[in-house]
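Down below is the structure, laid out as structure tokens.
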Amino acid sequence: MEHISRERAYEILKKYMVGENYLQHSLAVEAIMKKLAERLAPDEVEFWGVCGLLHDLDEEHCDWKNHPEVHGPKSVEILKSEGVEDEILFNTIMAHNPDSGKRIESMIEHAIIAADPMSGFIKAIAQIYPDKKVSSVKPKSVTKRFKETRFAAGANREYMMHIERCGIPYAEFAEMALDAMKNFTY
Ligand SMILES: [Fe+2]
């Protein structure tokens with residue numbers, strides 16, 4: 001099956017997402033997903049990235065705070081209105097939000113559930129460093145802080161652990177995600 005191109009995905013993202021923080025988050029999750037794909041699905045690196053890029057597409061178009069279950073389905077609706085037909089992309093976007101009720105079935109779905117909170121977690125850790133830069137963050141901090149449940153409590157530890165269903169231990173995932181976030185420029 002022919003997947004949506006990265007170029008077209010980015011065009012759609014820019015049309016529906018304006019918040020700088022959201023855009024930055026989308027690009028960070030794209031970078032982490034690509035890094036994971038290099039290991040787990042080497043022929044699908046661009047597509048895994050696109051899933052990361054588009055996973056929060058509806059962020060500014062639905063009332064996810066009061067109705068968490070619409071976050072995901074609304075993105076699919078937007079994509080369909082843009083002429084996109086891609087079941088794997090749709091399933092992955094739905095799965096990234098377990099509140100959507102989508103049953104988690106595949107590796108890419110576990111990967112996105114884990115990658116999403118990890119990007120925010122690394123950003124939060126960077127804030128403790130004097131220069132507040134992701135490039136200063138040590139992999140060991142990402143492992144140590146994981147156990148401090150009150151630190152960056154919004155970064156769902158259980159979701160991040162989904163990476164182990166892909167056969168990647170958490171410590172290794174932390175290193176991979178950090179590497180991905182250090183090498184992407186916004
Ligand atoms: Fe997200």
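Ordered as shown in the structure tokens, chains take letters A, B, and onward, while each chain numbers its residues from 1 and ligands are numbered from 1 in the order shown.
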
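For A:Tyr10, the list of residues within 9 Å, based on only C-alpha atoms and with local chain neighbours fewer than 4 positions off taken out, reads A:Ser5, A:Arg6, A:Lys14, A:Lys15, A:Val50, A:Leu53, A:Leu54.
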
For the selection you just gave me, I'd like the residues written to a file as a tab-separated table (two decimals), in the first residue's frame, keeping C-alpha atoms.
```tsv
chain	number	residue	atom	x	y	z
A	5	SER	CA	4.11	11.23	1.71
A	6	ARG	CA	5.93	13.20	4.37
A	14	LYS	CA	0.49	23.12	8.94
A	15	LYS	CA	-3.07	23.69	7.77
A	50	VAL	CA	4.51	10.54	9.43
A	53	LEU	CA	3.95	13.91	12.84
A	54	LEU	CA	0.18	13.60	12.49
```

Can you pull out the residues contacting A:Ala28? Cut-off 12 Å, using only C-alpha atoms, and skip same-chain residues under 6 positions away; I want them as a ChimeraX atom specification.
/A:21-22,34-35,49-56,112,115-123,134,177-186

May I ask which of the residues A:Ser26, A:Glu2, A:Ala114, A:Asp99 is the closest one to A:His67, counting only C-alpha atoms?
A:Asp99

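Proximity to A:Lys140 was assessed for A:Met161, A:Leu27, A:Ala174, A:Leu36 counting only C-alpha atoms; the smallest distance is recorded for A:Ala174.
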
From the list A:Ser136, A:Asn156, A:Ser106, A:Asn66, which residue is nearest ligand 1 when using only C-alpha atoms and all ligand atoms?
A:Asn156

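Comparing A:Ile12, A:Met33, A:Ile163, A:Asn97 by their smallest distance to A:Trp64, the closest is A:Asn97 (using only C-alpha atoms).
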
Every residue of stretch 33-91 of chain A that DSSP places in alpha helix (DSSP H), as a PyMOL selection string:
chain A and resi 33-40+45-54+73-81+87-91

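For the pair atom CA of A:Glu30 and atom CA of A:Ile88, the interatomic distance is 15.8 Å.
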
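Nearest residue to ligand 1, choosing from A:Glu59, A:Glu82, A:Glu7, A:Glu175 and counting only C-alpha atoms and all ligand atoms: A:Glu59.
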
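Taking only C-alpha atoms and all ligand atoms into account, ligand 1 lies nearest to A:Val29 out of the set A:Val29, A:Ala111, A:Ala37, A:Cys62.
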
Quick one: residues within 9 Å of A:Gly19, only C-alpha atoms counted, chain neighbours fewer than 4 positions away excluded, as a PyMOL selection string?
chain A and resi 23-24+60
